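Dropping upload-v7.txt in here (compact mmCIF, C-alpha atoms and all ligand atoms):
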```txt
# COMPACT_ATOMS: atom_id res chain seq x y z
CA MET J 128 144.56 18.72 137.38
CA LYS J 129 145.30 21.44 134.82
CA ILE J 130 147.65 24.26 135.84
CA ALA J 131 148.36 27.41 133.83
CA ILE J 132 152.06 28.23 134.09
CA VAL J 133 152.84 31.95 133.80
CA PRO J 134 156.55 32.79 134.29
CA GLY J 135 155.92 36.49 133.44
CA ASP J 136 158.84 38.94 133.35
CA GLY J 137 162.30 39.45 134.88
CA ILE J 138 163.16 36.98 137.63
CA GLY J 139 159.74 35.36 137.16
CA ARG J 140 161.36 33.57 134.21
CA GLU J 141 164.13 32.27 136.47
CA VAL J 142 162.21 31.27 139.59
CA MET J 143 159.49 29.48 137.60
CA PRO J 144 161.76 26.69 136.22
CA ALA J 145 163.14 26.30 139.75
CA ALA J 146 159.62 25.93 141.18
CA LEU J 147 158.52 23.56 138.41
CA ALA J 148 161.51 21.26 138.99
CA VAL J 149 160.40 20.94 142.60
CA LEU J 150 156.78 20.34 141.63
CA ASP J 151 157.91 17.65 139.15
CA ALA J 152 159.73 15.79 141.93
CA PHE J 153 156.28 14.85 143.33
CA GLY J 154 155.35 13.03 140.11
CA LEU J 155 151.74 14.22 140.29
CA ASP J 156 149.26 13.81 137.47
CA ILE J 157 149.33 17.44 136.33
CA GLU J 158 148.84 18.96 132.91
CA LYS J 159 150.90 22.15 132.63
CA ILE J 160 149.69 24.83 130.22
CA PRO J 161 152.49 27.35 129.62
CA LEU J 162 151.33 30.90 128.83
CA GLU J 163 153.31 33.94 127.82
CA ILE J 164 151.81 36.92 129.59
CA GLY J 165 153.27 40.17 130.89
CA TYR J 166 155.07 43.42 130.21
CA GLY J 167 157.49 41.78 127.77
CA LYS J 168 154.54 40.62 125.68
CA TRP J 169 152.99 44.10 125.92
CA LYS J 170 156.16 45.68 124.55
CA ARG J 171 156.25 43.20 121.65
CA THR J 172 152.54 42.97 120.79
CA GLY J 173 150.79 45.87 122.53
CA SER J 174 148.83 43.44 124.72
CA ALA J 175 150.05 42.00 128.03
CA ILE J 176 147.29 39.40 128.19
CA THR J 177 144.77 38.48 125.51
CA ASP J 178 141.16 37.36 125.85
CA GLU J 179 142.30 33.97 124.58
CA ASP J 180 144.88 33.74 127.40
CA MET J 181 142.07 34.59 129.81
CA SER J 182 139.80 31.85 128.53
CA ILE J 183 142.61 29.26 128.64
CA ILE J 184 143.29 30.26 132.25
CA LYS J 185 139.60 29.99 133.14
CA GLU J 186 139.62 26.38 131.93
CA CYS J 187 142.53 25.53 134.23
CA ASP J 188 142.10 24.54 137.87
CA CYS J 189 144.65 27.09 139.02
CA VAL J 190 147.56 29.29 137.98
CA LEU J 191 151.19 29.13 139.04
CA PHE J 192 152.57 32.61 138.54
CA GLY J 193 156.20 33.83 138.50
CA ALA J 194 156.44 37.61 138.65
CA ILE J 195 155.35 40.40 136.41
CA THR J 196 156.52 43.94 135.70
CA THR J 197 153.84 46.58 136.25
CA PRO J 198 155.25 49.84 134.84
CA PRO J 199 153.88 53.16 136.16
CA ASP J 200 152.48 53.87 132.68
CA PRO J 201 148.85 55.10 132.74
CA ASN J 202 148.19 53.23 129.49
CA TYR J 203 149.27 49.90 130.96
CA LYS J 204 146.62 47.84 132.72
CA SER J 205 148.03 45.58 135.41
CA VAL J 206 147.79 41.93 134.40
CA LEU J 207 147.66 40.79 137.99
CA MET J 208 144.74 43.09 138.71
CA ARG J 209 142.89 41.76 135.67
CA LEU J 210 143.50 38.15 136.71
CA ARG J 211 142.46 38.79 140.29
CA LYS J 212 139.31 40.54 139.17
CA GLU J 213 138.19 38.29 136.31
CA LEU J 214 138.91 35.08 138.21
CA ASP J 215 137.31 36.66 141.28
CA LEU J 216 140.34 35.81 143.45
CA TYR J 217 139.01 37.86 146.31
CA ALA J 218 141.34 36.65 149.07
CA ASN J 219 145.07 37.27 149.00
CA ILE J 220 146.55 35.05 151.69
CA ARG J 221 150.10 35.78 152.82
CA PRO J 222 151.55 33.72 155.68
CA PHE J 223 154.58 34.96 157.60
CA VAL J 224 156.57 32.54 159.73
CA PRO J 225 160.34 32.81 160.10
CA LEU J 226 162.15 29.93 158.39
CA ALA J 227 164.64 27.99 160.48
CA ASN J 228 168.23 29.23 160.03
CA VAL J 229 167.30 32.48 158.30
CA LYS J 230 168.80 35.61 159.82
CA LEU J 231 166.08 38.13 160.63
CA PRO J 232 166.53 41.91 160.70
CA CYS J 233 164.78 42.34 164.08
CA ASN J 234 165.31 40.58 167.37
CA LYS J 235 161.81 39.09 167.16
CA LYS J 236 162.32 35.48 166.16
CA VAL J 237 159.03 33.82 166.98
CA PHE J 238 155.90 34.82 165.12
CA ASP J 239 153.34 33.14 162.95
CA PHE J 240 150.67 35.29 161.38
CA VAL J 241 148.81 35.54 158.11
CA ILE J 242 147.67 38.63 156.24
CA VAL J 243 144.29 38.18 154.58
CA ARG J 244 144.03 40.97 152.06
CA GLU J 245 140.87 41.85 150.15
CA ASN J 246 142.01 41.45 146.56
CA THR J 247 139.41 42.77 144.12
CA GLU J 248 138.22 46.20 145.24
CA GLY J 249 139.30 49.08 147.54
CA MET J 250 141.90 51.36 145.93
CA TYR J 251 142.29 48.75 143.18
CA SER J 252 138.73 49.22 141.94
CA GLY J 253 140.04 50.43 138.58
CA ILE J 254 137.67 53.40 138.68
CA GLU J 255 140.07 56.19 137.88
CA GLU J 256 140.29 59.51 136.06
CA LEU J 257 143.41 61.28 134.97
CA HIS J 258 143.05 64.95 133.96
CA GLU J 259 145.54 67.74 133.32
CA ASP J 260 145.56 69.07 136.88
CA VAL J 261 143.78 66.47 138.92
CA ALA J 262 143.53 62.70 139.16
CA TYR J 263 140.94 60.53 140.92
CA THR J 264 140.92 56.96 142.16
CA THR J 265 137.65 55.75 143.60
CA ARG J 266 137.99 53.49 146.62
CA VAL J 267 135.16 50.99 146.55
CA ILE J 268 134.35 48.87 149.60
CA THR J 269 131.27 46.67 149.23
CA ARG J 270 129.33 44.69 151.83
CA LYS J 271 129.78 41.53 149.77
CA GLY J 272 133.54 42.08 149.37
CA SER J 273 134.05 42.85 153.06
CA GLN J 274 131.84 39.98 154.20
CA ARG J 275 133.57 37.32 152.16
CA ILE J 276 137.09 38.41 153.11
CA ALA J 277 136.08 38.48 156.77
CA GLU J 278 134.61 34.96 156.37
CA ARG J 279 137.96 33.79 154.93
CA ALA J 280 139.75 35.28 157.91
CA CYS J 281 137.33 33.45 160.24
CA ILE J 282 137.98 30.13 158.47
CA LEU J 283 141.72 30.59 159.09
CA ALA J 284 141.04 31.57 162.70
CA LYS J 285 138.93 28.44 163.23
CA GLY J 286 141.67 26.35 161.61
CA GLY J 287 143.97 27.09 164.54
CA LYS J 288 145.11 30.67 164.19
CA LYS J 289 142.46 31.81 166.70
CA HIS J 290 142.43 35.61 166.81
CA ILE J 291 141.57 38.18 164.12
CA THR J 292 142.89 41.73 163.89
CA ILE J 293 140.78 43.97 161.66
CA VAL J 294 142.98 46.69 160.15
CA HIS J 295 141.52 49.93 158.78
CA LYS J 296 141.68 53.72 158.89
CA ALA J 297 138.15 54.25 160.17
CA ASN J 298 139.08 57.43 162.04
CA VAL J 299 139.43 59.18 158.68
CA LEU J 300 137.77 57.11 155.94
CA LYS J 301 134.06 56.35 155.81
CA SER J 302 134.71 53.38 153.53
CA ASP J 303 136.91 51.96 156.26
CA SER J 304 134.41 52.38 159.07
CA PHE J 305 132.03 50.44 156.79
CA PHE J 306 134.70 47.73 156.29
CA ARG J 307 135.37 47.60 160.04
CA ASP J 308 131.67 47.26 160.89
CA VAL J 309 131.07 44.47 158.38
CA CYS J 310 134.16 42.54 159.54
CA THR J 311 133.24 42.99 163.19
CA GLY J 312 129.76 41.59 162.50
CA VAL J 313 131.19 38.55 160.70
CA ALA J 314 133.70 37.84 163.49
CA LYS J 315 130.96 38.09 166.14
CA ARG J 316 128.63 35.81 164.17
CA ASN J 317 131.41 33.24 163.89
CA GLY J 318 132.29 33.53 167.58
CA ILE J 319 135.90 34.50 166.78
CA SER J 320 137.89 36.72 169.11
CA PHE J 321 138.97 39.93 167.41
CA ASN J 322 140.42 43.38 167.90
CA GLU J 323 140.86 46.31 165.56
CA MET J 324 143.86 48.46 164.69
CA LEU J 325 144.43 51.61 162.67
CA VAL J 326 146.71 50.80 159.77
CA ASP J 327 149.49 53.22 160.72
CA ALA J 328 149.62 51.89 164.28
CA MET J 329 149.52 48.39 162.83
CA ALA J 330 152.63 48.97 160.67
CA TYR J 331 154.45 50.19 163.79
CA ASP J 332 153.29 47.40 166.08
CA LEU J 333 153.90 44.67 163.51
CA ILE J 334 157.59 45.49 163.60
CA LEU J 335 157.79 45.72 167.38
CA ARG J 336 155.42 42.92 168.40
CA PRO J 337 154.74 40.54 165.48
CA GLU J 338 154.23 37.63 167.90
CA LYS J 339 150.93 39.21 169.03
CA TYR J 340 149.18 38.57 165.72
CA ASP J 341 147.37 35.56 164.25
CA VAL J 342 145.11 36.61 161.35
CA ILE J 343 145.23 40.17 160.04
CA VAL J 344 142.34 41.08 157.76
CA THR J 345 142.41 44.30 155.78
CA THR J 346 141.56 46.14 152.57
CA ASN J 347 143.49 45.87 149.31
CA LEU J 348 146.14 48.62 149.43
CA PHE J 349 146.73 48.38 153.17
CA GLY J 350 147.29 44.63 152.74
CA ASP J 351 149.72 45.29 149.92
CA ILE J 352 151.81 47.63 152.07
CA LEU J 353 151.62 45.61 155.29
CA SER J 354 152.66 42.44 153.52
CA ASP J 355 155.90 44.05 152.34
CA VAL J 356 156.55 45.23 155.91
CA ALA J 357 155.91 41.67 157.07
CA ALA J 358 158.19 40.24 154.38
CA ALA J 359 161.05 42.38 155.69
CA LEU J 360 160.38 41.00 159.18
CA ALA J 361 160.40 37.43 157.88
CA GLY J 362 163.82 37.73 156.27
CA GLY J 363 163.09 39.20 152.86
CA LEU J 364 160.80 39.15 149.85
CA GLY J 365 162.74 36.25 148.40
CA LEU J 366 161.20 33.96 151.00
CA CYS J 367 157.52 34.91 151.06
CA PRO J 368 154.75 33.13 149.10
CA SER J 369 151.11 33.97 148.54
CA ALA J 370 147.84 32.43 147.43
CA ASN J 371 145.14 34.42 145.61
CA VAL J 372 141.97 32.42 146.08
CA GLY J 373 138.34 32.66 145.12
CA ASP J 374 135.50 30.18 145.24
CA ARG J 375 136.36 28.63 141.85
CA HIS J 376 139.91 29.58 140.89
CA ALA J 377 143.26 30.14 142.59
CA LEU J 378 146.60 31.68 141.67
CA PHE J 379 149.86 31.09 143.53
CA GLU J 380 152.74 33.56 143.35
CA PRO J 381 155.69 34.84 145.31
CA ILE J 382 155.08 38.25 146.91
CA HIS J 383 158.13 39.68 145.17
CA GLY J 384 158.02 41.40 141.79
CA SER J 385 160.09 40.89 138.64
CA ALA J 386 163.24 42.56 140.16
CA PRO J 387 164.73 43.97 136.94
CA ASP J 388 167.90 44.92 138.86
CA ILE J 389 168.94 41.28 139.32
CA ALA J 390 167.06 39.69 136.40
CA GLY J 391 169.14 37.60 133.98
CA LYS J 392 171.89 36.86 136.53
CA GLY J 393 170.51 33.53 137.74
CA ILE J 394 170.78 34.58 141.38
CA ALA J 395 167.13 35.22 142.30
CA ASN J 396 166.02 33.36 145.40
CA PRO J 397 163.53 30.68 144.26
CA ILE J 398 162.25 29.92 147.78
CA ALA J 399 159.27 32.32 147.64
CA SER J 400 158.17 30.70 144.41
CA ILE J 401 158.81 27.18 145.75
CA LEU J 402 156.80 27.97 148.89
CA SER J 403 154.01 29.19 146.59
CA VAL J 404 154.02 25.67 145.12
CA ARG J 405 153.69 24.48 148.71
CA MET J 406 150.59 26.66 149.16
CA MET J 407 149.24 25.21 145.91
CA LEU J 408 149.76 21.67 147.25
CA GLN J 409 147.87 22.64 150.42
CA TRP J 410 145.05 24.09 148.32
CA MET J 411 144.94 20.75 146.44
CA GLY J 412 144.58 19.00 149.81
CA ARG J 413 148.08 17.45 149.60
CA GLU J 414 149.12 18.35 153.15
CA LYS J 415 151.75 15.55 153.43
CA ASP J 416 153.51 16.67 150.24
CA ALA J 417 153.40 20.26 151.49
CA GLN J 418 155.10 19.15 154.71
CA VAL J 419 157.82 17.31 152.80
CA LEU J 420 158.46 20.43 150.76
CA GLY J 421 158.63 22.59 153.88
CA ARG J 422 161.17 20.25 155.50
CA ALA J 423 163.29 20.23 152.33
CA VAL J 424 163.36 24.06 152.27
CA ASP J 425 164.55 24.10 155.91
CA SER J 426 167.18 21.56 155.04
CA VAL J 427 168.73 23.44 152.05
CA ILE J 428 168.88 26.60 154.14
CA ALA J 429 170.50 24.70 157.03
CA LYS J 430 173.12 23.35 154.60
CA GLY J 431 173.85 26.90 153.43
CA ILE J 432 172.74 26.20 149.85
CA VAL J 433 171.29 29.68 149.42
CA THR J 434 171.33 32.61 147.01
CA PRO J 435 173.25 35.89 147.63
CA ASP J 436 170.26 37.64 149.30
CA LEU J 437 170.69 35.12 152.16
CA GLY J 438 174.46 35.46 152.17
CA GLY J 439 175.19 32.45 149.94
CA SER J 440 176.85 32.13 146.56
CA TYR J 441 174.52 29.57 144.97
CA SER J 442 172.39 30.14 141.89
CA THR J 443 168.61 29.90 141.55
CA MET J 444 168.87 26.48 139.92
CA ASP J 445 171.51 25.21 142.42
CA VAL J 446 168.98 25.80 145.21
CA SER J 447 166.20 24.16 143.22
CA GLU J 448 168.31 21.10 142.33
CA ALA J 449 169.53 20.62 145.90
CA LEU J 450 165.98 20.92 147.15
CA SER J 451 164.56 18.45 144.63
CA LYS J 452 167.26 15.95 145.58
CA ILE J 453 166.54 16.22 149.32
CA MET J 454 162.83 15.97 148.61
CA SER J 455 163.20 12.82 146.53
CA GLU J 456 165.04 11.22 149.46
CA TYR J 457 162.22 12.21 151.83
CA LEU J 458 159.61 10.96 149.39
CA ASP J 459 161.42 7.59 149.08
CA GLN J 460 161.25 7.29 152.88
CA VAL J 461 157.53 8.14 152.91
CA HIS J 462 156.57 5.65 150.17
C1 LIG J 501 151.54 42.53 145.05
C2 LIG J 501 152.02 43.53 144.04
C3 LIG J 501 150.86 43.93 143.12
C4 LIG J 501 149.82 44.63 143.98
C5 LIG J 501 151.22 44.80 141.92
C6 LIG J 501 152.33 44.21 141.10
C7 LIG J 501 150.00 45.05 141.04
O1 LIG J 501 152.59 44.62 144.67
O2 LIG J 501 151.00 41.48 144.67
O3 LIG J 501 151.71 42.77 146.24
O4 LIG J 501 149.89 45.83 144.17
O5 LIG J 501 148.93 43.93 144.44
MG MG J 502 152.87 44.33 146.78
```

I need this file expressed as structure tokens, please.
Ligand code: IPM
Ligand code: MG
Amino acid sequence: MKIAIVPGDGIGREVMPAALAVLDAFGLDIEKIPLEIGYGKWKRTGSAITDEDMSIIKECDCVLFGAITTPPDPNYKSVLMRLRKELDLYANIRPFVPLANVKLPCNKKVFDFVIVRENTEGMYSGIEELHEDVAYTTRVITRKGSQRIAERACILAKGGKKHITIVHKANVLKSDSFFRDVCTGVAKRNGISFNEMLVDAMAYDLILRPEKYDVIVTTNLFGDILSDVAAALAGGLGLCPSANVGDRHALFEPIHGSAPDIAGKGIANPIASILSVRMMLQWMGREKDAQVLGRAVDSVIAKGIVTPDLGGSYSTMDVSEALSKIMSEYLDQVH
């Protein structure tokens, strides 16, 4: 198995070593290909990612990604968007389950849902025009794109999550009534129970009644926004992982960004990145290892070995080291 390792910018460079230490504890036969990609590289060389980087990544089985800065500079092309598009990582899967012993901001403590976000089109189509007095972004929703994301949602629903909620703004946007109709057709064909929600009502209800939801399927920008809402519900961005998957490639990354405000201090929470490794293990079919990792995360949190965002005073690497140690003990018991 060949994995491209992309720490990226800011805290990406701190959480990646923490995640790799945990991955190493499994002793798997993995070839790691480190790549320097991101805003830092853009500032130094004028290119955030080269064609050569792209072809190295395409030869890997998957990518483990830290975090990357995407400045609001019209001349800067988002690296993540390029990777998602060129690797055809059309499904962005973001699970939200409260971790044991994490204080949540709302009184809702029991929920378990996954946001399945279309990841290659919609408002992120890249078809844009910037003029003196007007700017355009073309929102593209295709039948193929909507069908395959709805199929992904159905696979998750069949795997135990049961119900699908199709989220859109079809009362206003034609592209969304198209998305809704395609998704509805796919859910019916698969015999999956479903309902639909307008995205604004969804944001509201997700906070009040998160326990109602199993699989939420939606378009690119709505999924981006709803997943940050969901991350707040689940205790913070520092805890939430994601998988960007296509039919051939996959990329695993925490939902959080490069957090320049805390970068360089060694206090970034590595759990989101470590749980992204867990999603990678699941994608590899290593369910037992993924379970061991999940138990170890619960255990460090229960012991209070946590970073300042969770009220602790431990560093990024303290958490990683404690976790690797607990995991090695579990693994000794298993083998
Ligand atoms: C995310 C991020 C990205 C997105 C940015 C950094 C391009 O917010 O993965 O949620 O908008 O998809
Ligand atoms: Mg986002």

Residue nearest Asp351 (chain J) among J:Val446, J:Met407, J:Ile160, J:Val326 (counting all atoms listed in the file):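 The closest residue to Asp351 (chain J) is J:Val326.
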
Give me the residues near His290 (chain J) as a tab-separated table (two decimals) with C-alpha atoms, in the frame of the given file, where near means some atom within 7 Å (using all atoms listed in the file) and where sequence neighbours in that chain fewer than 5 positions away do not count.
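Below is the file that was written, part30.tsv:
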```tsv
chain	number	residue	atom	x	y	z
J	284	ALA	CA	141.04	31.57	162.70
J	319	ILE	CA	135.90	34.50	166.78
J	320	SER	CA	137.89	36.72	169.11
J	321	PHE	CA	138.97	39.93	167.41
J	341	ASP	CA	147.37	35.56	164.25
J	342	VAL	CA	145.11	36.61	161.35
```

Could you pull the residues within 12 Å of Ile428 (chain J), counting all atoms listed in the file, minus those fewer than 2 positions along the same chain, as a PyMOL selection string? chain J and resi 226-230+366+396-398+421-426+430-434+437-439+441+446-447+449-450+453

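Atom to atom, CA of Pro337 (chain J) and CA of Ile401 (chain J) stand 24.2 Å apart.
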
Thr345 (chain J): which residues within 10 Å, counting only C-alpha atoms, same-chain residues fewer than 3 positions away excluded, as a CSV table (one decimal) with C-alpha atoms, in the frame of the given file?
```
chain,number,residue,atom,x,y,z
J,242,ILE,CA,147.7,38.6,156.2
J,243,VAL,CA,144.3,38.2,154.6
J,244,ARG,CA,144.0,41.0,152.1
J,245,GLU,CA,140.9,41.8,150.2
J,246,ASN,CA,142.0,41.4,146.6
J,273,SER,CA,134.0,42.8,153.1
J,276,ILE,CA,137.1,38.4,153.1
J,277,ALA,CA,136.1,38.5,156.8
J,280,ALA,CA,139.8,35.3,157.9
J,292,THR,CA,142.9,41.7,163.9
J,293,ILE,CA,140.8,44.0,161.7
J,294,VAL,CA,143.0,46.7,160.2
J,295,HIS,CA,141.5,49.9,158.8
J,296,LYS,CA,141.7,53.7,158.9
J,303,ASP,CA,136.9,52.0,156.3
J,306,PHE,CA,134.7,47.7,156.3
J,307,ARG,CA,135.4,47.6,160.0
J,310,CYS,CA,134.2,42.5,159.5
J,324,MET,CA,143.9,48.5,164.7
J,326,VAL,CA,146.7,50.8,159.8
J,342,VAL,CA,145.1,36.6,161.4
J,348,LEU,CA,146.1,48.6,149.4
J,349,PHE,CA,146.7,48.4,153.2
J,350,GLY,CA,147.3,44.6,152.7
J,351,ASP,CA,149.7,45.3,149.9
J,353,LEU,CA,151.6,45.6,155.3
```

Quote the spacing between CA of Thr265 (chain J) and CA of Ala175 (chain J) in Å to one decimal place.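 For CA of Thr265 (chain J) relative to CA of Ala175 (chain J), the distance reads 24.2 Å.
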
Distance CA of Val356 (chain J)-CA of Pro198 (chain J), one decimal place? 21.6 Å

Please give the centre and size of the box around region 450-457 of chain J (axis-aligned, containing every atom listed in the file, 4 Å added per side), with values in Å to one decimal and written as JSON.
```
{"center_x": 164.7, "center_y": 16.1, "center_z": 148.2, "size_x": 13.0, "size_y": 17.7, "size_z": 15.2}
```

Tell me which of J:Ala194, J:Arg413, J:Ser451, J:Asp180 sits closest to Met143 (chain J), counting only C-alpha atoms. J:Ala194

Which residues, protein or nucleic acid, reach to within 12 Å of (160.3, 31.4, 145.4) in the file's coordinates when using only C-alpha atoms, and can you give that as a ChimeraX atom specification? /J:134,138-147,149,191-194,363-369,379-385,394-406,424,433-434,443-444,446-447

Could you pull the residues within 9 Å of Leu458 (chain J), counting only C-alpha atoms, minus those fewer than 2 positions along the same chain, as a list in words?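 With the cut-off at 9 Å, the set is Ala152, Phe153, Asp416, Val419, Ile453, Met454, Ser455, Glu456, Gln460, Val461 and His462 of chain J.
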
Under the rule that only C-alpha atoms and all ligand atoms are counted, which of J:Leu207, J:Leu162, J:Ala328, J:Val190 is the nearest residue to ligand LIG 501 (chain J)?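 Looking at the shortest contact to ligand LIG 501 (chain J), the residue is J:Leu207.
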
List as a PyMOL selection string the residues having at least one atom at most 9 Å from position (132.9, 50.2, 147.9) as given in the file, counting all atoms listed in the file. chain J and resi 248-249+252+265-270+272+302+305-306

Of the residues J:Met329, J:Ala390, J:Ile164, J:Cys187, which is the one nearest to Gly137 (chain J), using all atoms listed in the file?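 Once distances to Gly137 (chain J) are computed over all atoms listed in the file, the minimum belongs to J:Ala390.
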
Neighbouring residues of Phe223 (chain J) were defined as those with any atom within 6 Å, considering all atoms listed in the file; residues of the same chain fewer than 6 positions away were excluded. Please report them as a list in words.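 My list of contacting residues is Asp239, Phe240 and Val241 of chain J.
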
For ligand LIG 501 (chain J), which of J:Ile195, J:Ala262, J:Ile132, J:Ala377 is the closest residue, counting only C-alpha atoms and all ligand atoms? J:Ile195

With all atoms listed in the file as the basis for distance, which of J:Leu300, J:Leu378, J:Leu333, J:Met128 is at the shortest distance from ligand LIG 501 (chain J)?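 Going through J:Leu300, J:Leu378, J:Leu333, J:Met128 one by one, the smallest distance to ligand LIG 501 (chain J) is for J:Leu378.
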
When you get a chance, write out all heavy atoms for region 195-202 of chain J, as a tab-separated table (two decimals), keeping the file's coordinate frame.
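Result saved to result.tsv:
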```tsv
chain	number	residue	atom	x	y	z
J	195	ILE	N	155.68	39.62	137.58
J	195	ILE	CA	155.35	40.40	136.41
J	195	ILE	C	155.73	41.86	136.64
J	195	ILE	O	155.65	42.35	137.77
J	195	ILE	CB	153.85	40.20	136.09
J	195	ILE	CG1	153.63	40.07	134.60
J	195	ILE	CG2	152.99	41.25	136.73
J	195	ILE	CD1	152.44	39.26	134.24
J	196	THR	N	156.19	42.52	135.59
J	196	THR	CA	156.52	43.94	135.70
J	196	THR	C	155.24	44.74	135.50
J	196	THR	O	154.50	44.50	134.55
J	196	THR	CB	157.55	44.32	134.62
J	196	THR	OG1	158.70	43.50	134.78
J	196	THR	CG2	157.96	45.78	134.72
J	197	THR	N	154.98	45.68	136.42
J	197	THR	CA	153.84	46.58	136.25
J	197	THR	C	154.39	47.99	136.17
J	197	THR	O	154.70	48.60	137.20
J	197	THR	CB	152.83	46.46	137.43
J	197	THR	OG1	152.50	45.08	137.57
J	197	THR	CG2	151.56	47.25	137.19
J	198	PRO	N	154.62	48.52	134.95
J	198	PRO	CA	155.25	49.84	134.84
J	198	PRO	C	154.28	50.96	135.25
J	198	PRO	O	153.06	50.79	135.09
J	198	PRO	CB	155.56	49.94	133.34
J	198	PRO	CG	154.52	49.08	132.69
J	198	PRO	CD	154.21	47.98	133.65
J	199	PRO	N	154.78	52.07	135.77
J	199	PRO	CA	153.88	53.16	136.16
J	199	PRO	C	153.43	53.95	134.93
J	199	PRO	O	153.52	55.16	134.89
J	199	PRO	CB	154.75	54.00	137.10
J	199	PRO	CG	156.15	53.69	136.72
J	199	PRO	CD	156.18	52.34	136.07
J	200	ASP	N	152.93	53.26	133.93
J	200	ASP	CA	152.48	53.87	132.68
J	200	ASP	C	150.95	53.87	132.69
J	200	ASP	O	150.33	52.81	132.79
J	200	ASP	CB	153.03	53.00	131.53
J	200	ASP	CG	152.57	53.47	130.16
J	200	ASP	OD1	151.54	54.17	130.08
J	200	ASP	OD2	153.23	53.12	129.17
J	201	PRO	N	150.32	55.06	132.62
J	201	PRO	CA	148.85	55.10	132.74
J	201	PRO	C	148.13	54.31	131.65
J	201	PRO	O	146.96	53.95	131.81
J	201	PRO	CB	148.53	56.60	132.65
J	201	PRO	CG	149.77	57.28	132.21
J	201	PRO	CD	150.93	56.38	132.46
J	202	ASN	N	148.84	54.00	130.55
J	202	ASN	CA	148.19	53.23	129.49
J	202	ASN	C	148.29	51.71	129.72
J	202	ASN	O	147.71	50.94	128.97
J	202	ASN	CB	148.84	53.54	128.13
J	202	ASN	CG	148.65	55.00	127.78
J	202	ASN	OD1	147.57	55.55	127.95
J	202	ASN	ND2	149.73	55.64	127.34
```
